[in-house]
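Below is target-v1.pdb, which holds PDB, C-alpha atoms.
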ATOM      1  CA  MET B 151     152.569 -10.194 -28.590
ATOM      2  CA  SER B 152     154.206  -9.931 -32.010
ATOM      3  CA  LEU B 153     157.913 -10.700 -32.314
ATOM      4  CA  LEU B 154     158.203  -8.349 -35.270
ATOM      5  CA  SER B 155     157.718  -4.625 -34.764
ATOM      6  CA  THR B 156     155.062  -2.807 -36.767
ATOM      7  CA  ASP B 157     157.803  -1.063 -38.708
ATOM      8  CA  MET B 158     159.548  -4.360 -39.491
ATOM      9  CA  ARG B 159     156.303  -5.953 -40.619
ATOM     10  CA  SER B 160     155.712  -3.023 -42.938
ATOM     11  CA  GLN B 161     159.226  -3.246 -44.381
ATOM     12  CA  LEU B 162     158.973  -6.960 -44.937
ATOM     13  CA  THR B 163     155.567  -6.632 -46.574
ATOM     14  CA  ASP B 164     157.065  -4.157 -49.016
ATOM     15  CA  VAL B 165     160.111  -6.326 -49.707
ATOM     16  CA  PHE B 166     157.988  -9.381 -50.348
ATOM     17  CA  SER B 167     155.419  -7.608 -52.519
ATOM     18  CA  GLN B 168     158.085  -5.907 -54.625
ATOM     19  CA  ARG B 169     160.634  -8.674 -54.963
ATOM     20  CA  MET B 170     159.006 -12.076 -54.502
ATOM     21  CA  GLN B 171     158.271 -13.883 -57.744
ATOM     22  CA  ASP B 172     157.251 -17.520 -57.242
ATOM     23  CA  PRO B 173     156.105 -19.368 -54.103
ATOM     24  CA  VAL B 174     158.526 -20.595 -51.469
ATOM     25  CA  THR B 175     157.749 -23.278 -48.899
ATOM     26  CA  LEU B 176     159.224 -23.131 -45.416
ATOM     27  CA  HIS B 177     159.362 -26.569 -43.825
ATOM     28  CA  PHE B 178     159.657 -25.892 -40.114
ATOM     29  CA  PHE B 179     160.637 -28.789 -37.861
ATOM     30  CA  THR B 180     159.763 -28.308 -34.225
ATOM     31  CA  GLN B 181     158.686 -30.017 -31.077
ATOM     32  CA  LYS B 182     154.958 -30.293 -30.659
ATOM     33  CA  SER B 183     153.749 -29.361 -27.195
ATOM     34  CA  SER B 184     153.310 -32.338 -24.925
ATOM     35  CA  LEU B 185     153.134 -33.035 -21.220
ATOM     36  CA  LEU B 186     155.433 -36.000 -21.801
ATOM     37  CA  ILE B 187     158.524 -34.073 -22.913
ATOM     38  CA  VAL B 188     161.616 -35.051 -20.956
ATOM     39  CA  PRO B 189     163.217 -31.867 -19.536
ATOM     40  CA  SER B 190     166.620 -32.642 -21.029
ATOM     41  CA  GLN B 191     165.026 -33.026 -24.469
ATOM     42  CA  GLU B 192     162.965 -29.856 -24.482
ATOM     43  CA  CYS B 193     163.533 -27.503 -27.376
ATOM     44  CA  TYR B 194     163.636 -24.125 -25.657
ATOM     45  CA  THR B 195     163.779 -22.053 -28.822
ATOM     46  CA  CYS B 196     161.241 -23.943 -30.917
ATOM     47  CA  HIS B 197     158.326 -21.819 -29.804
ATOM     48  CA  ASP B 198     160.059 -18.545 -30.678
ATOM     49  CA  ALA B 199     161.207 -19.914 -34.028
ATOM     50  CA  GLY B 200     157.672 -21.033 -34.841
ATOM     51  CA  GLU B 201     156.237 -17.662 -33.874
ATOM     52  CA  LEU B 202     158.791 -15.852 -35.995
ATOM     53  CA  TYR B 203     158.273 -17.965 -39.101
ATOM     54  CA  GLY B 204     154.524 -17.748 -38.664
ATOM     55  CA  GLU B 205     154.680 -13.976 -38.592
ATOM     56  CA  VAL B 206     157.027 -13.768 -41.574
ATOM     57  CA  THR B 207     154.957 -16.090 -43.754
ATOM     58  CA  SER B 208     151.764 -14.219 -42.904
ATOM     59  CA  LEU B 209     153.165 -11.198 -44.737
ATOM     60  CA  SER B 210     153.109 -12.742 -48.216
ATOM     61  CA  ASP B 211     150.808 -15.180 -49.961
ATOM     62  CA  LYS B 212     153.888 -16.494 -51.758
ATOM     63  CA  LEU B 213     155.299 -17.855 -48.529
ATOM     64  CA  LYS B 214     153.891 -21.130 -47.263
ATOM     65  CA  LEU B 215     154.703 -22.493 -43.844
ATOM     66  CA  GLU B 216     154.522 -26.230 -43.233
ATOM     67  CA  THR B 217     155.132 -27.238 -39.641
ATOM     68  CA  HIS B 218     156.471 -30.691 -38.863
ATOM     69  CA  ASP B 219     156.773 -32.538 -35.571
ATOM     70  CA  PHE B 220     160.423 -33.629 -35.484
ATOM     71  CA  LEU B 221     159.748 -36.660 -33.285
ATOM     72  CA  ALA B 222     156.652 -37.841 -35.168
ATOM     73  CA  GLU B 223     157.940 -37.229 -38.698
ATOM     74  CA  THR B 224     161.339 -38.869 -38.490
ATOM     75  CA  GLU B 225     161.365 -40.069 -42.099
ATOM     76  CA  GLU B 226     160.543 -36.622 -43.430
ATOM     77  CA  ALA B 227     163.155 -35.076 -41.154
ATOM     78  CA  LYS B 228     165.739 -37.549 -42.423
ATOM     79  CA  ARG B 229     164.738 -36.942 -46.039
ATOM     80  CA  LEU B 230     165.235 -33.214 -45.628
ATOM     81  CA  GLY B 231     168.457 -33.567 -43.652
ATOM     82  CA  VAL B 232     167.138 -32.367 -40.306
ATOM     83  CA  GLU B 233     168.960 -33.726 -37.278
ATOM     84  CA  ARG B 234     168.220 -31.020 -34.716
ATOM     85  CA  ILE B 235     165.506 -28.491 -34.014
ATOM     86  CA  PRO B 236     164.306 -25.828 -34.473
ATOM     87  CA  ALA B 237     165.066 -26.279 -38.157
ATOM     88  CA  LEU B 238     163.925 -24.517 -41.278
ATOM     89  CA  VAL B 239     164.236 -26.147 -44.681
ATOM     90  CA  MET B 240     163.615 -23.657 -47.465
ATOM     91  CA  GLN B 241     162.243 -24.872 -50.800
ATOM     92  CA  GLY B 242     161.854 -22.705 -53.826
ATOM     93  CA  LYS B 243     163.966 -22.468 -56.944
ATOM     94  CA  ASN B 244     167.057 -23.879 -55.246
ATOM     95  CA  LYS B 245     168.746 -26.913 -56.713
ATOM     96  CA  GLY B 246     170.582 -27.823 -53.507
ATOM     97  CA  ALA B 247     169.328 -27.998 -49.926
ATOM     98  CA  MET B 248     169.157 -24.845 -47.821
ATOM     99  CA  ARG B 249     168.534 -25.131 -44.099
ATOM    100  CA  TYR B 250     168.629 -22.927 -40.993
ATOM    101  CA  PHE B 251     169.064 -24.422 -37.535
ATOM    102  CA  GLY B 252     168.106 -22.265 -34.556
ATOM    103  CA  VAL B 253     166.313 -18.928 -34.385
ATOM    104  CA  PRO B 254     167.605 -16.383 -36.917
ATOM    105  CA  GLY B 255     168.294 -13.276 -34.881
ATOM    106  CA  GLY B 256     169.838  -9.941 -35.698
ATOM    107  CA  TYR B 257     171.869  -9.955 -38.891
ATOM    108  CA  GLU B 258     170.939 -13.579 -39.606
ATOM    109  CA  PHE B 259     167.266 -12.660 -39.837
ATOM    110  CA  GLY B 260     168.046 -10.447 -42.804
ATOM    111  CA  VAL B 261     170.039 -13.290 -44.345
ATOM    112  CA  VAL B 262     166.999 -15.571 -44.150
ATOM    113  CA  ILE B 263     164.730 -12.929 -45.677
ATOM    114  CA  GLU B 264     167.144 -12.391 -48.563
ATOM    115  CA  ALA B 265     167.371 -16.141 -49.042
ATOM    116  CA  LEU B 266     163.594 -16.409 -49.297
ATOM    117  CA  VAL B 267     163.518 -13.687 -51.946
ATOM    118  CA  ASP B 268     166.358 -15.332 -53.886
ATOM    119  CA  LEU B 269     164.585 -18.684 -53.687
ATOM    120  CA  SER B 270     161.422 -17.172 -55.095
ATOM    121  CA  ARG B 271     163.333 -15.672 -58.012
ATOM    122  CA  GLY B 272     165.928 -18.372 -58.540
ATOM    123  CA  SER B 273     168.482 -15.596 -58.713
ATOM    124  CA  THR B 274     171.815 -15.045 -57.051
ATOM    125  CA  GLN B 275     174.451 -12.351 -57.208
ATOM    126  CA  LEU B 276     177.251 -14.806 -57.893
ATOM    127  CA  SER B 277     179.759 -13.887 -60.556
ATOM    128  CA  PRO B 278     179.799 -15.773 -63.878
ATOM    129  CA  GLU B 279     183.164 -17.304 -62.888
ATOM    130  CA  THR B 280     181.693 -18.607 -59.650
ATOM    131  CA  ARG B 281     178.736 -20.074 -61.477
ATOM    132  CA  ARG B 282     181.117 -21.826 -63.871
ATOM    133  CA  GLN B 283     183.187 -23.316 -61.052
ATOM    134  CA  ILE B 284     180.139 -24.431 -59.090
ATOM    135  CA  ALA B 285     178.710 -26.102 -62.199
ATOM    136  CA  GLU B 286     181.959 -28.065 -62.567
ATOM    137  CA  LEU B 287     182.284 -29.262 -58.971
ATOM    138  CA  PRO B 288     183.718 -32.815 -59.005
ATOM    139  CA  ALA B 289     181.871 -33.938 -55.873
ATOM    140  CA  PRO B 290     179.029 -32.856 -53.572
ATOM    141  CA  VAL B 291     179.730 -30.047 -51.155
ATOM    142  CA  HIS B 292     178.059 -29.583 -47.780
ATOM    143  CA  ILE B 293     178.668 -26.100 -46.412
ATOM    144  CA  LYS B 294     177.983 -25.364 -42.744
ATOM    145  CA  VAL B 295     178.005 -21.735 -41.656
ATOM    146  CA  LEU B 296     178.335 -21.442 -37.890
ATOM    147  CA  VAL B 297     176.972 -18.187 -36.477
ATOM    148  CA  THR B 298     175.770 -16.495 -33.317
ATOM    149  CA  PRO B 299     173.042 -13.853 -32.945
ATOM    150  CA  THR B 300     174.337 -10.308 -33.501
TER     151      THR B 300
ATOM    152  CA  MET R 141     175.530 -21.608 -54.321
ATOM    153  CA  ALA R 142     172.845 -24.053 -53.232
ATOM    154  CA  ILE R 143     170.397 -22.127 -55.392
ATOM    155  CA  GLU R 144     172.634 -22.645 -58.402
ATOM    156  CA  SER R 145     173.773 -26.250 -57.953
ATOM    157  CA  PRO R 146     172.220 -29.549 -56.837
ATOM    158  CA  HIS R 147     175.690 -30.544 -55.652
ATOM    159  CA  VAL R 148     175.790 -27.855 -52.990
ATOM    160  CA  SER R 149     173.873 -28.010 -49.712
ATOM    161  CA  ALA R 150     174.066 -25.167 -47.222
ATOM    162  CA  ASP R 151     173.241 -25.101 -43.526
ATOM    163  CA  VAL R 152     173.374 -22.134 -41.174
ATOM    164  CA  ILE R 153     173.660 -23.169 -37.523
ATOM    165  CA  GLU R 154     173.204 -20.884 -34.525
ATOM    166  CA  VAL R 155     175.892 -22.344 -32.273
ATOM    167  CA  SER R 156     174.672 -20.444 -29.200
ATOM    168  CA  GLU R 157     171.661 -22.795 -29.292
ATOM    169  CA  PHE R 158     173.684 -25.892 -30.091
ATOM    170  CA  PRO R 159     176.780 -25.929 -27.854
ATOM    171  CA  ASP R 160     177.582 -29.454 -28.999
ATOM    172  CA  VAL R 161     178.141 -28.074 -32.493
ATOM    173  CA  ALA R 162     180.310 -25.270 -31.147
ATOM    174  CA  GLN R 163     182.389 -27.817 -29.299
ATOM    175  CA  ARG R 164     182.561 -30.270 -32.186
ATOM    176  CA  TYR R 165     183.960 -27.653 -34.545
ATOM    177  CA  GLN R 166     185.905 -25.783 -31.838
ATOM    178  CA  VAL R 167     184.225 -22.520 -32.627
ATOM    179  CA  ARG R 168     186.217 -19.610 -31.223
ATOM    180  CA  GLY R 169     184.761 -16.877 -33.414
ATOM    181  CA  VAL R 170     182.015 -16.498 -35.974
ATOM    182  CA  PRO R 171     181.337 -16.885 -38.725
ATOM    183  CA  LYS R 172     183.126 -20.162 -39.030
ATOM    184  CA  ILE R 173     182.492 -22.135 -42.182
ATOM    185  CA  VAL R 174     183.032 -25.868 -42.423
ATOM    186  CA  ILE R 175     182.978 -27.557 -45.809
ATOM    187  CA  ASN R 176     182.551 -31.319 -46.086
ATOM    188  CA  GLU R 177     183.659 -31.687 -42.449
ATOM    189  CA  LYS R 178     187.299 -31.186 -43.443
ATOM    190  CA  THR R 179     187.894 -27.670 -44.715
ATOM    191  CA  SER R 180     187.252 -24.808 -42.328
ATOM    192  CA  ILE R 181     187.341 -21.044 -42.733
ATOM    193  CA  GLU R 182     187.220 -18.501 -39.944
ATOM    194  CA  GLY R 183     185.697 -15.171 -40.835
ATOM    195  CA  ALA R 184     184.247 -14.002 -44.099
ATOM    196  CA  LEU R 185     186.145 -14.328 -47.375
ATOM    197  CA  PRO R 186     185.710 -12.535 -50.681
ATOM    198  CA  GLU R 187     183.642 -14.555 -53.127
ATOM    199  CA  ALA R 188     186.509 -15.745 -55.324
ATOM    200  CA  GLN R 189     188.557 -16.986 -52.376
ATOM    201  CA  PHE R 190     185.562 -18.706 -50.823
ATOM    202  CA  VAL R 191     184.759 -20.460 -54.076
ATOM    203  CA  SER R 192     188.373 -21.656 -54.276
ATOM    204  CA  LYS R 193     187.946 -23.246 -50.859
ATOM    205  CA  VAL R 194     184.703 -24.886 -51.967
ATOM    206  CA  VAL R 195     186.349 -26.301 -55.078
ATOM    207  CA  GLU R 196     189.324 -27.465 -53.003
ATOM    208  CA  ALA R 197     187.030 -29.220 -50.539
ATOM    209  CA  ALA R 198     185.155 -30.918 -53.362
ATOM    210  CA  SER R 199     188.431 -32.052 -54.904
ATOM    211  CA  LEU R 200     189.555 -33.543 -51.580
ATOM    212  CA  GLY R 201     186.506 -35.714 -51.658
ATOM    213  CA  THR R 202     187.475 -37.245 -54.991
ATOM    214  CA  ARG R 203     191.005 -38.278 -54.017
ATOM    215  CA  THR R 204     191.557 -41.926 -53.138
TER     216      THR R 204
END

Let me see the structure of the file written as structure tokens.
Amino acid sequence: MSLLSTDMRSQLTDVFSQRMQDPVTLHFFTQKSSLLIVPSQECYTCHDAGELYGEVTSLSDKLKLETHDFLAETEEAKRLGVERIPALVMQGKNKGAMRYFGVPGGYEFGVVIEALVDLSRGSTQLSPETRRQIAELPAPVHIKVLVTPT
Amino acid sequence: MAIESPHVSADVIEVSEFPDVAQRYQVRGVPKIVINEKTSIEGALPEAQFVSKVVEAASLGTRT
């Protein structure tokens, strides 16, 4: 059964076809199914996250989904800054890393969709003053936005 | 900001799925924003104020 409604799929298809410019890759880190998973280490939301990203990326040929096994690809996970799953690392025209940990629900789902569009265009709605200050940052900045589904 | 600058990395974390994160950062309400593990903001801020916090956090990291 699809996680996205028919109406949502239609809306997203329109958004992607009208606003996407260049390809974006979604690196999805998850837990591959195995009979050997220790109950305390099971990722209960990985399946839903995978389903959701699979459905979203199927709606545009400019979205590419690459699925990674977190336990088997430890070097790649480390390289992309993934310490927990489910995790999405978005790669497009961004200069800095952009990641989403957990399943984006409610309002956060729209945030991810907008991020994918921005990544494909390399555009933001930041003011010129903000762009100037960000360009002059004296040291690296790691921003963590803590949210809950709404 | 991460789109614009290689010096900015941005993570969004669903704390309902990761209670250890909620506990670590003592999350009482969302959104809560943590910058460089030292500067925290509760709630949303207008762009200019948020950028000031980002610049402040970056400057903290350069002080010896």

Taking all atoms listed in the file into account, report as an MDAnalysis selection string which residues of chain R lie within 9 Å of chain B.
chainID R and resid 141:158 161:162 167 169:177 187:188 191:192 194:195 197:202

Pairwise distance for atom CA of Val267 of chain B and atom CA of Ser160 of chain B, rounded to one decimal in Å
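Between these atoms lies a distance of 16.0 Å.
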
The PyMOL selection byres ((chain B and resi 218) around 8) - which residues does that actually catch in the file I just gave you? List them as a list in words.
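Selection result, ordered by chain and number: His177, Phe178, Phe179, Thr180, Glu216, Thr217, Asp219, Phe220 and Glu223 of chain B.
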
Step by step, gather every atom of segment 212-222 of chain B that the file lists, find the box along x, y and z that holds them, add 4 Å on each side, and finally give centre and edge lengths in Å to one decimal, as JSON.
{"center_x": 157.2, "center_y": -27.2, "center_z": -42.5, "size_x": 14.5, "size_y": 29.3, "size_z": 26.5}

Non-local contacts of Gln168 of chain B (12 Å; only C-alpha atoms; under 6 positions in same chain excluded) as a list in words
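Within the cut-off, the hits are Gln161, Leu162, Ser210, Lys212, Val267, Ser270 and Arg271 of chain B.
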
Generate a file of the selected residues that holds C-alpha atoms, formatted as a JSON list (two decimals), in the coordinates of the input.
[["chain", "number", "residue", "atom", "x", "y", "z"],
["B", 161, "GLN", "CA", 159.23, -3.25, -44.38],
["B", 162, "LEU", "CA", 158.97, -6.96, -44.94],
["B", 210, "SER", "CA", 153.11, -12.74, -48.22],
["B", 212, "LYS", "CA", 153.89, -16.49, -51.76],
["B", 267, "VAL", "CA", 163.52, -13.69, -51.95],
["B", 270, "SER", "CA", 161.42, -17.17, -55.10],
["B", 271, "ARG", "CA", 163.33, -15.67, -58.01]]

Straight-line distance linking atom CA of Thr156 of chain B with atom CA of Leu176 of chain B, stated in Å to one decimal
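A separation of 22.5 Å between them.
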
Residue among B:Glu205, B:Glu264, B:Glu226, B:Glu233 lying closest to Leu153 of chain B, counting only C-alpha atoms
B:Glu205
